[in-house]
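Report on the following structure.
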Amino acid sequence: MKNSNEWKRRSRSWIILAICCALAAALSAGAAAHAADEGGSRLVGLLITAEDLAASVGGDGVLWAAEARGAYDTEYVFDSVEGIRFICFMTQDEDGGNSVVTNADPEIGSAGFDFENEASVRMEGTLYVVPGRDERSFFYNPVLRMEDGRVCAVPGDPMYVSAGMNPPGSSVGQTLKDEQTHMENGAEITDVTVVSLEIRAVRKPLQTTLLQFSDTHELLNTEAYAPGAVPEEITMLPGADYLLSETRKRTWTARSSPGGRSSAGRTIS
């Protein structure tokens, strides 16, 4: 009977979480649509924060981004808050051609941007998180681009992640959609922006090992790194043909101690 009651409690929790996810997506989409109507803007991404953005916005209800020239793209920086940017849109350069601006911070994995035309784009990404015993908040704040080129974020709604509710491999997320219609050559055109970001629970990494092989599959070199210490650029050795990454991760269950079990699994990619 104890197991049955535990399953019922867990089932109710997942149902409540699903309802909250749907409600949060609707509220965030509504906030973006309202700001777009007020300021002639369009949805261009998300700013993920651990705290409610409502405490940081100005009297106009938005948080403006500072514009700076980066190494490859124009960077839109929200100086007053810590957050993860997931931004993409197409604009015209000085020569009148189209160029794509992408601000996707390293925390966003598997980021994809699919343009149907210069004003319609589908953005998809994954934020990988190691759940802890305490609940963590991830606020999905819509990012908008105004007609005059300025970029701002408006307060959104949170998703919650914890070890008890989000075992490794599970995911939660939101999808925001912005549709705007205009006339072009006598025809009605609808531009659609879709921003989809999931939060996927993963096991805590213990060590990453990079292995270099020759074209005859001979192991030439191995280098082990602590979590987060893998260099962004890897120099291949003379004669190396391909590279494999081996990751050791801690295994755990919600009932185990805060540190999890001491055994480790291996993943090769």
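The way I read the labels, and the way they are meant: chains A, B, ... in the order of the structure tokens, residue 1 as the first residue of every chain, and ligand 1 as the first ligand shown, with later ones counted on from there.
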Name the residues of segment 9-169 of chain A that come out as strand (DSSP E) in a backbone DSSP run; write them as a PyMOL selection string.
chain A and resi 41-49+63-64+66-69+74-77+83-92+98-104+108-117+120-129+136-146+151-153+157-161
Within 8 Å of Val44 of chain A, counting only C-alpha atoms, which residues qualify if same-chain residues fewer than 5 places away don't, as a PyMOL selection string? chain A and resi 87-89+142-145+193+195
Counting only C-alpha atoms, the residue among A:Cys152, A:Glu116, A:Arg122, A:Met90 that lies closest to Val62 of chain A is A:Cys152
Using only C-alpha atoms, find each residue in segment 153-209 of chain A having at least one atom no more than 6 Å away from segment 127-136 of chain A; report its shortest atom-to-atom pair and that distance in Å (one decimal), rows by chain then rising number, as CSV.
residue,atom,partner,partner_atom,distance
A:Tyr160,CA,A:Arg136,CA,5.6
A:Val161,CA,A:Arg136,CA,5.2
A:Ser162,CA,A:Glu135,CA,4.6
A:Ala163,CA,A:Pro131,CA,4.8
A:Ile199,CA,A:Leu127,CA,4.8
A:Arg200,CA,A:Tyr128,CA,5.0
A:Ala201,CA,A:Val129,CA,5.1
A:Val202,CA,A:Val130,CA,5.2
A:Arg203,CA,A:Val130,CA,5.8
A:Lys204,CA,A:Val130,CA,5.7
Using only C-alpha atoms, please write the residues we just selected to a file, as a PDB file, in the first residue's frame.
ATOM      1  CA  TYR A 160      11.294  24.430 -11.530  1.00  0.00           C
ATOM      2  CA  VAL A 161      13.900  21.663 -11.384  1.00  0.00           C
ATOM      3  CA  SER A 162      14.898  19.418  -8.474  1.00  0.00           C
ATOM      4  CA  ALA A 163      16.312  15.932  -7.997  1.00  0.00           C
ATOM      5  CA  ILE A 199      15.715  21.945 -19.591  1.00  0.00           C
ATOM      6  CA  ARG A 200      17.102  18.413 -19.473  1.00  0.00           C
ATOM      7  CA  ALA A 201      18.257  16.783 -16.245  1.00  0.00           C
ATOM      8  CA  VAL A 202      21.629  15.022 -16.455  1.00  0.00           C
ATOM      9  CA  ARG A 203      23.955  13.232 -14.055  1.00  0.00           C
ATOM     10  CA  LYS A 204      26.864  15.135 -12.578  1.00  0.00           C
TER      11      LYS A 204
END
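With atom CA of Ser110 of chain A on one side and atom CA of Glu198 of chain A on the other, the separation reads 10.5 Å.
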_Can you tell me which residues surround Gly239 of chain A at a distance of at most 12 Å, considering only C-alpha atoms, apart from same-chain residues fewer than 3 positions away, and format the answer as a VMD selection string?_
chain A and resid 212 to 221 235 to 236 242 to 243
Output file for the residues above (C-alpha atoms, as a tab-separated table (two decimals), in the first residue's frame):
chain	number	residue	atom	x	y	z
A	212	GLN	CA	42.73	10.80	-30.48
A	213	PHE	CA	42.91	7.94	-32.99
A	214	SER	CA	44.66	7.39	-36.30
A	215	ASP	CA	42.86	6.35	-39.50
A	216	THR	CA	43.74	2.74	-38.59
A	217	HIS	CA	42.00	3.21	-35.20
A	218	GLU	CA	45.24	3.25	-33.23
A	219	LEU	CA	45.01	5.22	-29.99
A	220	LEU	CA	47.53	8.08	-30.20
A	221	ASN	CA	46.77	10.19	-27.13
A	235	THR	CA	44.74	20.62	-31.46
A	236	MET	CA	44.92	17.31	-33.28
A	242	TYR	CA	39.34	11.48	-35.36
A	243	LEU	CA	38.52	12.30	-31.76
What separates atom CA of Gly70 of chain A and atom CA of Asn103 of chain A is a distance of 9.9 Å
Would you mind listing what lies within 10 Å of Gly228 of chain A as a PDB file with N, CA and C atoms, in the first residue's frame, with only C-alpha atoms counted and same-chain residues fewer than 2 positions away left out?
ATOM      1  N   PRO A 205      28.778  15.275 -14.118  1.00  0.00           N
ATOM      2  CA  PRO A 205      29.992  14.740 -14.745  1.00  0.00           C
ATOM      3  C   PRO A 205      31.145  14.718 -13.748  1.00  0.00           C
ATOM      4  N   LEU A 206      31.948  13.671 -13.811  1.00  0.00           N
ATOM      5  CA  LEU A 206      33.107  13.549 -12.938  1.00  0.00           C
ATOM      6  C   LEU A 206      34.402  13.866 -13.678  1.00  0.00           C
ATOM      7  N   GLN A 207      34.461  13.426 -14.942  1.00  0.00           N
ATOM      8  CA  GLN A 207      35.678  13.610 -15.717  1.00  0.00           C
ATOM      9  C   GLN A 207      35.377  13.414 -17.192  1.00  0.00           C
ATOM     10  N   THR A 208      36.037  14.195 -18.038  1.00  0.00           N
ATOM     11  CA  THR A 208      35.935  14.046 -19.482  1.00  0.00           C
ATOM     12  C   THR A 208      37.317  13.711 -20.044  1.00  0.00           C
ATOM     13  N   TYR A 225      40.212  15.701 -18.324  1.00  0.00           N
ATOM     14  CA  TYR A 225      39.898  17.048 -17.849  1.00  0.00           C
ATOM     15  C   TYR A 225      38.837  16.979 -16.757  1.00  0.00           C
ATOM     16  N   ALA A 226      38.929  17.922 -15.820  1.00  0.00           N
ATOM     17  CA  ALA A 226      37.888  18.069 -14.810  1.00  0.00           C
ATOM     18  C   ALA A 226      36.650  18.691 -15.447  1.00  0.00           C
ATOM     19  N   VAL A 230      37.355  21.408 -20.177  1.00  0.00           N
ATOM     20  CA  VAL A 230      37.694  21.006 -21.543  1.00  0.00           C
ATOM     21  C   VAL A 230      37.902  22.250 -22.401  1.00  0.00           C
ATOM     22  N   PRO A 231      39.043  22.383 -23.076  1.00  0.00           N
ATOM     23  CA  PRO A 231      39.290  23.593 -23.884  1.00  0.00           C
ATOM     24  C   PRO A 231      38.317  23.709 -25.040  1.00  0.00           C
TER      25      PRO A 231
END
Residue with the minimum atom-to-atom distance to Glu67 of chain A, picked from A:Leu197, A:Leu237, A:Val101, A:Val172 with only C-alpha atoms counted, is A:Val101
Can you pull out every residue from segment 15-261 of chain A that DSSP, working from the backbone, puts in alpha helix (DSSP H), and format the result as a ChimeraX atom specification?
/A:15-39
inquiry  = When you look at Phe113 of chain A with a cut-off of 7 Å (counting only C-alpha atoms), what residues show up, excluding the ones that are within fewer than 5 positions of it in the same chain? I need them as a PyMOL selection string.
reply    = chain A and resi 121-124
Just-selected residues, C-alpha atoms written as a CSV table (one decimal), in the first residue's frame:
chain,number,residue,atom,x,y,z
A,121,VAL,CA,12.6,31.6,-37.6
A,122,ARG,CA,12.3,28.6,-35.4
A,123,MET,CA,14.8,28.4,-32.5
A,124,GLU,CA,15.4,25.2,-30.6
Check your understanding: Hey, what's within 7 Å of Ile48 of chain A if we count only C-alpha atoms and toss same-chain stuff fewer than 4 positions away? As number ranges by chain, please?
Key -> A: 83-85, 138-141
I need the residues from that last selection saved to file as an mmCIF file, in the first residue's frame (with C-alpha atoms), if you can.
data_model
loop_
_atom_site.group_PDB
_atom_site.id
_atom_site.type_symbol
_atom_site.label_atom_id
_atom_site.label_comp_id
_atom_site.auth_asym_id
_atom_site.auth_seq_id
_atom_site.Cartn_x
_atom_site.Cartn_y
_atom_site.Cartn_z
ATOM 1 C CA GLY A 83 21.265 35.295 -17.270
ATOM 2 C CA ILE A 84 21.640 32.914 -20.193
ATOM 3 C CA ARG A 85 20.898 34.420 -23.608
ATOM 4 C CA PHE A 138 14.617 29.055 -14.388
ATOM 5 C CA PHE A 139 12.654 32.107 -15.552
ATOM 6 C CA TYR A 140 11.815 32.156 -19.270
ATOM 7 C CA ASN A 141 11.949 35.882 -20.065
#
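Taking atom CA of Thr102 of chain A and atom CA of Tyr76 of chain A as the two end points, the separation is 9.6 Å.
Nearest residue to Gly125 of chain A among A:Glu147, A:Asp191, A:Asp95, A:Asp105 is A:Asp105, counting only C-alpha atoms.
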